[in-house]
Structures are given as C-alpha cells and as structure tokens.
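Below is one structure, written out as structure tokens; the observations come after it.
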Amino acid sequence: MTERTNTPGLTFDRDTHEYFYHGAPVVSVTQVLQDLHRTQYFGDNAANRGTLVHEAIRLHTQGNLIMDKVPEEARGYLSGYLSASSALGDGLPEQVVFCPQKRYCGTVDRLGEEWITDYKTGAPSWWHPYQTAAYEQAVGCKRKRRCLYLAKDGSYKFVVHKDSTDVLHFNAALDGMHLRRKYNVG
C-alpha cells in the first residue's frame with residue numbers, strides 16, 4: 001500500500017518498506033543500518049515481533065486497536081508501551097522524514113517538539129543512537145533523541161542518546177553504502 005507523505009513527491013510503500021521521491025527509489029535509514037551491520041542478523045522472530053508490536057501501537061494511536069485481536073506474543077510489549085505513554089509527551093506517530101541533502105528517508109516512531117523516540121522490542125544495541133541521529137538530521141532541527149525499550153513482561157525503559165557524533169557515524173555508513181552501490185562492490 002503506497003502512501004503519500006508530508007513531503008511533496010515523496011511516497012512510502014508500507015508493505016515493502018520502500019520510499020520513492022518523484023518515482024525514484026530512495027535509500028532508507030533501515031537499509032543503511034542493515035548495511036552497516038550486515039554480518040549481524042537478528043532473525044525472523046525478532047523482526048516479526050517488532051512488526052507485530054509496531055502495528056499494535058499504530059492501531060492504538062489511531063484508535064483502532066481491538067485488544068482481542070492483538071497476538072499473544074505482542075501483548076506484553078504493548079502493555080509496556082501503554083504504561084510508558086504518559087511519559088512519552090507530545091508527538092505524532094509514524095512520521096516519514098526525508099533528508100534531501102543526503103537523499104535518505106525514514107519513519108520516526110514518535111516525533112515530538114522535544115523528542116525523537118524510536119520503539120524497540122529487544123535489548124539496546126550500539127547502532128540505535130545512529131538511527132535516532134539520522135532521524136534528527138532528516139527532521140532538520142535539534143531534538144532530544146531516545147529509544148523506548150519494551151519488554152515481553154510489560155516493563156519498559158527509556159535510553160537517551162546524547163552523543164553529537166552519532167550523526168557523523170550514520171553519514172559515514174550512508175556514504176560507504178552509496179560508494180559500494182556505485183562501484184558494485186561488497
């Protein structure tokens with residue numbers, strides 16, 4: 001299902017998780033991060049769990065969540081999100097962002113005036129700050145950055161990302177990916 005975004009000419013295909021700018025494909029933050037840690041694979045179970053939880057959160061924020069239809073394996077994580085929701089503050093869910101200077105896109109889980117928040121259903125990882133830094137760069141103005149880690153038992157924790165060099169690391173990974181694609185290496 002292709003969706004229009006707030007950026008003229010930019011579309012997002014939710015089914016394939018692909019972005020297009022005036023019909024041409026645009027690299028995503030996820031693709032850059034996958035390329036960066038291409039030797040590290042988290043498995044289909046982790047990916048499926050994250051997808052299920054994100055979908056439940058999306059339906060909740062739209063007011064369309066039917067709790068009986070939430071898969072059992074996602075319920076604890078959703079409970080953690082619901083417990084954390086008052087601490088999240090203001091923000092719009094699932095905002096597509098585009099960085100025209102670097103030509104990449106991403107979908108921020110929650111974009112507020114103060115915070116960029118990404119939801120995770122696993123443990124903190126070294127690349128998570130690069131992800132939130134990429135979103136901040138694409139938004140184009142300074143925001144605080146963090147991940148909300150949701151656990152199966154319904155608990156949650158916030159981890160704030162403060163390192164100003166995170167965006168430099170993301171940009172280096174993006175540039176490396178573009179070079180490998182240009183010269184068809186790696």
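All residue names refer to the structure tokens as shown: chains lettered A, B, ... in order, residues numbered from 1 in each chain, ligands numbered from 1 in order.
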Nearby residues (only C-alpha atoms) at most 10 Å from Val108 (chain A), same-chain spacing under 5 positions excluded, as a compact mmCIF listing (two decimals) with N, CA and C atoms, in the first residue's frame:
```txt
# COMPACT_ATOMS: atom_id res chain seq x y z
N LEU A 92 3.74 13.01 17.26
CA LEU A 92 2.95 12.38 16.21
C LEU A 92 3.54 11.01 15.90
N PRO A 93 2.70 10.00 15.76
CA PRO A 93 3.21 8.66 15.48
C PRO A 93 3.59 8.48 14.01
N GLU A 94 4.57 7.63 13.79
CA GLU A 94 4.97 7.18 12.46
C GLU A 94 5.07 8.31 11.44
N GLN A 95 6.01 9.19 11.67
CA GLN A 95 6.23 10.31 10.76
C GLN A 95 7.36 9.99 9.79
N VAL A 96 7.04 10.03 8.50
CA VAL A 96 8.06 9.81 7.48
C VAL A 96 8.88 11.09 7.34
N VAL A 97 10.20 10.94 7.39
CA VAL A 97 11.10 12.08 7.26
C VAL A 97 12.03 11.84 6.07
N ILE A 116 12.63 12.87 19.70
CA ILE A 116 12.50 11.83 18.67
C ILE A 116 12.61 10.53 19.43
N THR A 117 11.58 9.68 19.30
CA THR A 117 11.55 8.42 20.05
C THR A 117 11.37 7.26 19.09
N ASP A 118 12.22 6.24 19.25
CA ASP A 118 12.10 5.02 18.47
C ASP A 118 11.78 3.89 19.43
N TYR A 119 10.85 3.02 19.05
CA TYR A 119 10.44 1.90 19.90
C TYR A 119 11.25 0.66 19.54
N GLN A 131 20.54 5.53 14.47
CA GLN A 131 19.20 5.59 13.88
C GLN A 131 18.48 6.88 14.30
N THR A 132 18.50 7.18 15.60
CA THR A 132 17.80 8.39 16.05
C THR A 132 18.51 9.65 15.55
N ALA A 134 20.03 9.88 12.64
CA ALA A 134 19.62 10.01 11.23
C ALA A 134 18.25 10.68 11.14
N TYR A 135 17.34 10.29 12.03
CA TYR A 135 16.02 10.91 12.03
C TYR A 135 16.12 12.40 12.37
N GLU A 136 16.94 12.72 13.35
CA GLU A 136 17.10 14.12 13.75
C GLU A 136 17.65 14.95 12.59
N VAL A 139 14.89 15.51 10.09
CA VAL A 139 13.89 16.47 10.58
C VAL A 139 14.39 17.90 10.35
```
Per-residue DSSP, chain A, filtered to alpha helix (DSSP H), as a ChimeraX atom specification = /A:29-36,44-62,72-88,128-139,166-182
message = Could you tell me how far CA of Leu148 (chain A) sits from CA of Lys69 (chain A), in Å to one decimal place?
response = 23.5 Å
Who sits within 12 Å of Thr165 (chain A), only C-alpha atoms, same chain under 3 positions skipped, as a PyMOL selection string = chain A and resi 129-130+132-134+137+161-162+168-172
inquiry  = So that I can see what lies close to Gly122 (chain A), please list as a ChimeraX atom specification the residues with an atom at most 9 Å from it, counting only C-alpha atoms and leaving out residues fewer than 4 positions away in the same chain.
reply    = /A:46,50,149-151
Write a file of the just-selected residues containing N, CA, C and O atoms, as a CSV table (one decimal), in the first residue's frame.
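For reference, selection_10.csv as written:
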```csv
chain,number,residue,atom,x,y,z
A,46,ALA,N,12.7,-12.0,15.8
A,46,ALA,CA,12.9,-10.6,16.3
A,46,ALA,C,12.2,-9.6,15.4
A,46,ALA,O,11.5,-8.7,15.8
A,50,GLY,N,8.9,-7.3,16.3
A,50,GLY,CA,8.9,-5.9,16.2
A,50,GLY,C,7.8,-5.4,15.3
A,50,GLY,O,7.1,-4.4,15.6
A,149,TYR,N,12.6,1.1,25.1
A,149,TYR,CA,12.7,-0.4,25.1
A,149,TYR,C,11.6,-1.0,25.8
A,149,TYR,O,11.3,-0.8,27.0
A,150,LEU,N,10.8,-1.8,25.0
A,150,LEU,CA,9.6,-2.5,25.6
A,150,LEU,C,10.0,-4.0,25.8
A,150,LEU,O,10.7,-4.6,25.0
A,151,ALA,N,9.5,-4.5,26.9
A,151,ALA,CA,9.8,-5.9,27.3
A,151,ALA,C,8.6,-6.8,27.2
A,151,ALA,O,7.5,-6.3,27.4
```
ask   = So which residues touch region 21-28 of chain A within 12 Å, counting only C-alpha atoms, skipping near sequence neighbours fewer than 6 positions away, as a ChimeraX atom specification?
value = /A:2,4-13,34-35,96-100,102-108,131,134-135,138,170,174-175,177-178,181
Generate the output file for the selected residues, N, CA, C and O atoms, as a tab-separated table (two decimals), in the first residue's frame.
```
chain	number	residue	atom	x	y	z
A	2	THR	N	0.86	2.02	-1.08
A	2	THR	CA	1.66	3.22	-1.20
A	2	THR	C	0.92	4.40	-0.57
A	2	THR	O	-0.27	4.60	-0.81
A	4	ARG	N	1.10	8.66	0.45
A	4	ARG	CA	1.74	9.96	0.28
A	4	ARG	C	2.25	10.41	1.64
A	4	ARG	O	1.77	9.98	2.68
A	5	THR	N	3.23	11.30	1.62
A	5	THR	CA	3.80	11.82	2.85
A	5	THR	C	3.62	13.34	2.88
A	5	THR	O	3.05	13.92	1.95
A	6	ASN	N	4.14	13.97	3.91
A	6	ASN	CA	4.07	15.43	4.02
A	6	ASN	C	5.06	16.12	3.10
A	6	ASN	O	5.00	17.33	2.93
A	7	THR	N	6.00	15.37	2.52
A	7	THR	CA	6.98	15.94	1.59
A	7	THR	C	6.47	15.76	0.17
A	7	THR	O	6.25	14.63	-0.27
A	8	PRO	N	6.27	16.86	-0.56
A	8	PRO	CA	5.78	16.74	-1.94
A	8	PRO	C	6.70	15.83	-2.77
A	8	PRO	O	7.92	15.97	-2.74
A	9	GLY	N	6.10	14.89	-3.49
A	9	GLY	CA	6.86	14.00	-4.36
A	9	GLY	C	7.37	12.74	-3.68
A	9	GLY	O	7.90	11.84	-4.33
A	10	LEU	N	7.24	12.66	-2.36
A	10	LEU	CA	7.75	11.51	-1.61
A	10	LEU	C	6.60	10.57	-1.27
A	10	LEU	O	5.57	11.00	-0.75
A	11	THR	N	6.78	9.29	-1.59
A	11	THR	CA	5.79	8.27	-1.23
A	11	THR	C	6.48	7.15	-0.47
A	11	THR	O	7.70	6.97	-0.56
A	12	PHE	N	5.68	6.42	0.28
A	12	PHE	CA	6.17	5.31	1.09
A	12	PHE	C	5.28	4.11	0.86
A	12	PHE	O	4.06	4.21	0.96
A	13	ASP	N	5.89	2.97	0.54
A	13	ASP	CA	5.15	1.73	0.38
A	13	ASP	C	5.28	0.95	1.69
A	13	ASP	O	6.34	0.40	1.99
A	34	GLN	N	21.20	-1.77	8.17
A	34	GLN	CA	21.39	-3.17	7.81
A	34	GLN	C	22.72	-3.36	7.08
A	34	GLN	O	23.43	-4.33	7.32
A	35	ASP	N	23.06	-2.44	6.22
A	35	ASP	CA	24.33	-2.50	5.50
A	35	ASP	C	25.50	-2.33	6.47
A	35	ASP	O	26.53	-3.00	6.34
A	96	VAL	N	7.04	10.03	8.50
A	96	VAL	CA	8.06	9.81	7.48
A	96	VAL	C	8.88	11.09	7.34
A	96	VAL	O	8.32	12.18	7.22
A	97	VAL	N	10.20	10.94	7.39
A	97	VAL	CA	11.10	12.08	7.26
A	97	VAL	C	12.03	11.84	6.07
A	97	VAL	O	12.34	10.71	5.73
A	98	PHE	N	12.46	12.93	5.45
A	98	PHE	CA	13.30	12.87	4.25
A	98	PHE	C	14.43	13.87	4.40
A	98	PHE	O	14.21	15.03	4.76
A	99	CYS	N	15.65	13.42	4.15
A	99	CYS	CA	16.82	14.30	4.17
A	99	CYS	C	17.24	14.53	2.72
A	99	CYS	O	17.92	13.68	2.13
A	100	PRO	N	16.84	15.65	2.12
A	100	PRO	CA	17.14	15.86	0.70
A	100	PRO	C	18.64	16.02	0.43
A	100	PRO	O	19.12	15.61	-0.63
A	102	LYS	N	21.16	14.46	1.86
A	102	LYS	CA	21.81	13.16	1.89
A	102	LYS	C	21.01	12.08	1.15
A	102	LYS	O	21.47	10.97	1.00
A	103	ARG	N	19.80	12.42	0.74
A	103	ARG	CA	18.91	11.53	-0.03
A	103	ARG	C	18.63	10.20	0.67
A	103	ARG	O	18.95	9.12	0.18
A	104	TYR	N	18.04	10.31	1.86
A	104	TYR	CA	17.55	9.12	2.56
A	104	TYR	C	16.25	9.47	3.26
A	104	TYR	O	15.94	10.64	3.48
A	105	CYS	N	15.50	8.43	3.60
A	105	CYS	CA	14.22	8.57	4.30
A	105	CYS	C	14.18	7.65	5.50
A	105	CYS	O	14.98	6.73	5.61
A	106	GLY	N	13.22	7.89	6.35
A	106	GLY	CA	12.98	7.00	7.48
A	106	GLY	C	11.62	7.29	8.06
A	106	GLY	O	10.98	8.30	7.72
A	107	THR	N	11.18	6.41	8.94
A	107	THR	CA	9.92	6.61	9.63
A	107	THR	C	10.18	6.66	11.12
A	107	THR	O	10.60	5.67	11.71
A	108	VAL	N	9.97	7.82	11.69
A	108	VAL	CA	10.16	8.03	13.13
A	108	VAL	C	8.94	7.46	13.86
A	108	VAL	O	7.80	7.79	13.51
A	131	GLN	N	20.54	5.53	14.47
A	131	GLN	CA	19.20	5.59	13.88
A	131	GLN	C	18.48	6.88	14.30
A	131	GLN	O	17.95	7.60	13.46
A	134	ALA	N	20.03	9.88	12.64
A	134	ALA	CA	19.62	10.01	11.23
A	134	ALA	C	18.25	10.68	11.14
A	134	ALA	O	18.02	11.55	10.29
A	135	TYR	N	17.34	10.29	12.03
A	135	TYR	CA	16.02	10.91	12.03
A	135	TYR	C	16.12	12.40	12.37
A	135	TYR	O	15.48	13.23	11.74
A	138	ALA	N	17.31	14.33	9.42
A	138	ALA	CA	16.28	14.45	8.39
A	138	ALA	C	15.19	15.45	8.80
A	138	ALA	O	14.66	16.16	7.94
A	170	PHE	N	26.52	7.77	11.29
A	170	PHE	CA	25.47	7.40	10.33
A	170	PHE	C	25.83	7.87	8.93
A	170	PHE	O	25.70	7.11	7.95
A	174	LEU	N	26.25	5.77	5.52
A	174	LEU	CA	25.46	6.10	4.32
A	174	LEU	C	26.37	6.30	3.12
A	174	LEU	O	26.14	5.75	2.04
A	175	ASP	N	27.44	7.08	3.31
A	175	ASP	CA	28.38	7.32	2.21
A	175	ASP	C	29.04	6.03	1.75
A	175	ASP	O	29.20	5.79	0.55
A	177	MET	N	27.81	3.01	1.94
A	177	MET	CA	26.81	2.23	1.22
A	177	MET	C	26.64	2.75	-0.21
A	177	MET	O	26.59	1.97	-1.17
A	178	HIS	N	26.58	4.08	-0.36
A	178	HIS	CA	26.44	4.67	-1.69
A	178	HIS	C	27.65	4.31	-2.57
A	178	HIS	O	27.50	4.01	-3.75
A	181	ARG	N	27.48	0.68	-3.68
A	181	ARG	CA	26.47	0.52	-4.74
A	181	ARG	C	26.95	1.11	-6.07
A	181	ARG	O	26.75	0.52	-7.12
```
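If you look at CA of Leu59 (chain A) and CA of Pro71 (chain A), they are 13.0 Å away from each other.
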inquiry  = Give me, as a ChimeraX atom specification, all polymer residues having an atom no more than 9 Å from region 86-90 of chain A, counting only C-alpha atoms and skipping those fewer than 5 positions away in the same chain.
reply    = /A:110-115,117,148
key: Per-residue DSSP, region 38-105 of chain A, filtered to strand (DSSP E or B), as a PyMOL selection string   = chain A and resi 92-99+104-105
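Using only C-alpha atoms, the smallest distance between any of A:Val185, A:Val53, A:Val159, A:Leu65 and Tyr77 (chain A) comes from A:Val53.
CA of Phe158 (chain A) sits 10.1 Å away from CA of Arg145 (chain A).
Using only C-alpha atoms, the protein and nucleic acid residues lying no more than 10 Å from Gly154 (chain A), apart from those fewer than 3 places from it along its own chain, are A:Ala74, A:Arg75, A:Gly76, A:Tyr77, A:Leu78, A:Ser79, A:Gly80, A:Tyr81, A:Leu82, A:Ser83, A:Ala84, A:Leu150, A:Ala151.
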Given the selection you just returned, output its residues as a file containing N, CA, C and O atoms, formatted as a PDB file, in the first residue's frame.
```
ATOM      1  N   ALA A  74       2.637 -10.240  21.348  1.00  0.00           N
ATOM      2  CA  ALA A  74       2.817  -8.787  21.324  1.00  0.00           C
ATOM      3  C   ALA A  74       2.199  -8.094  22.535  1.00  0.00           C
ATOM      4  O   ALA A  74       2.487  -6.924  22.790  1.00  0.00           O
ATOM      5  N   ARG A  75       1.381  -8.776  23.292  1.00  0.00           N
ATOM      6  CA  ARG A  75       0.599  -8.122  24.355  1.00  0.00           C
ATOM      7  C   ARG A  75       1.442  -7.517  25.479  1.00  0.00           C
ATOM      8  O   ARG A  75       1.163  -6.420  25.940  1.00  0.00           O
ATOM      9  N   GLY A  76       2.451  -8.211  25.921  1.00  0.00           N
ATOM     10  CA  GLY A  76       3.298  -7.667  26.989  1.00  0.00           C
ATOM     11  C   GLY A  76       4.018  -6.402  26.548  1.00  0.00           C
ATOM     12  O   GLY A  76       4.095  -5.425  27.293  1.00  0.00           O
ATOM     13  N   TYR A  77       4.531  -6.421  25.314  1.00  0.00           N
ATOM     14  CA  TYR A  77       5.225  -5.246  24.776  1.00  0.00           C
ATOM     15  C   TYR A  77       4.261  -4.071  24.646  1.00  0.00           C
ATOM     16  O   TYR A  77       4.608  -2.931  24.977  1.00  0.00           O
ATOM     17  N   LEU A  78       3.053  -4.358  24.181  1.00  0.00           N
ATOM     18  CA  LEU A  78       2.035  -3.317  24.067  1.00  0.00           C
ATOM     19  C   LEU A  78       1.678  -2.763  25.443  1.00  0.00           C
ATOM     20  O   LEU A  78       1.521  -1.549  25.611  1.00  0.00           O
ATOM     21  N   SER A  79       1.594  -3.629  26.440  1.00  0.00           N
ATOM     22  CA  SER A  79       1.323  -3.189  27.806  1.00  0.00           C
ATOM     23  C   SER A  79       2.419  -2.227  28.287  1.00  0.00           C
ATOM     24  O   SER A  79       2.132  -1.209  28.923  1.00  0.00           O
ATOM     25  N   GLY A  80       3.671  -2.541  27.959  1.00  0.00           N
ATOM     26  CA  GLY A  80       4.778  -1.641  28.303  1.00  0.00           C
ATOM     27  C   GLY A  80       4.626  -0.289  27.637  1.00  0.00           C
ATOM     28  O   GLY A  80       4.834   0.758  28.254  1.00  0.00           O
ATOM     29  N   TYR A  81       4.252  -0.308  26.368  1.00  0.00           N
ATOM     30  CA  TYR A  81       4.029   0.945  25.649  1.00  0.00           C
ATOM     31  C   TYR A  81       2.919   1.755  26.316  1.00  0.00           C
ATOM     32  O   TYR A  81       3.060   2.964  26.521  1.00  0.00           O
ATOM     33  N   LEU A  82       1.817   1.104  26.634  1.00  0.00           N
ATOM     34  CA  LEU A  82       0.694   1.810  27.260  1.00  0.00           C
ATOM     35  C   LEU A  82       1.105   2.393  28.605  1.00  0.00           C
ATOM     36  O   LEU A  82       0.704   3.512  28.951  1.00  0.00           O
ATOM     37  N   SER A  83       1.923   1.667  29.366  1.00  0.00           N
ATOM     38  CA  SER A  83       2.419   2.188  30.650  1.00  0.00           C
ATOM     39  C   SER A  83       3.332   3.386  30.446  1.00  0.00           C
ATOM     40  O   SER A  83       3.350   4.315  31.248  1.00  0.00           O
ATOM     41  N   ALA A  84       4.120   3.359  29.367  1.00  0.00           N
ATOM     42  CA  ALA A  84       5.082   4.443  29.106  1.00  0.00           C
ATOM     43  C   ALA A  84       4.448   5.640  28.423  1.00  0.00           C
ATOM     44  O   ALA A  84       5.051   6.716  28.386  1.00  0.00           O
ATOM     45  N   LEU A 150      10.814  -1.847  25.043  1.00  0.00           N
ATOM     46  CA  LEU A 150       9.643  -2.534  25.575  1.00  0.00           C
ATOM     47  C   LEU A 150       9.992  -3.997  25.798  1.00  0.00           C
ATOM     48  O   LEU A 150      10.662  -4.616  24.971  1.00  0.00           O
ATOM     49  N   ALA A 151       9.534  -4.547  26.919  1.00  0.00           N
ATOM     50  CA  ALA A 151       9.847  -5.933  27.258  1.00  0.00           C
ATOM     51  C   ALA A 151       8.586  -6.792  27.243  1.00  0.00           C
ATOM     52  O   ALA A 151       7.470  -6.295  27.412  1.00  0.00           O
TER      53      ALA A 151
END
```
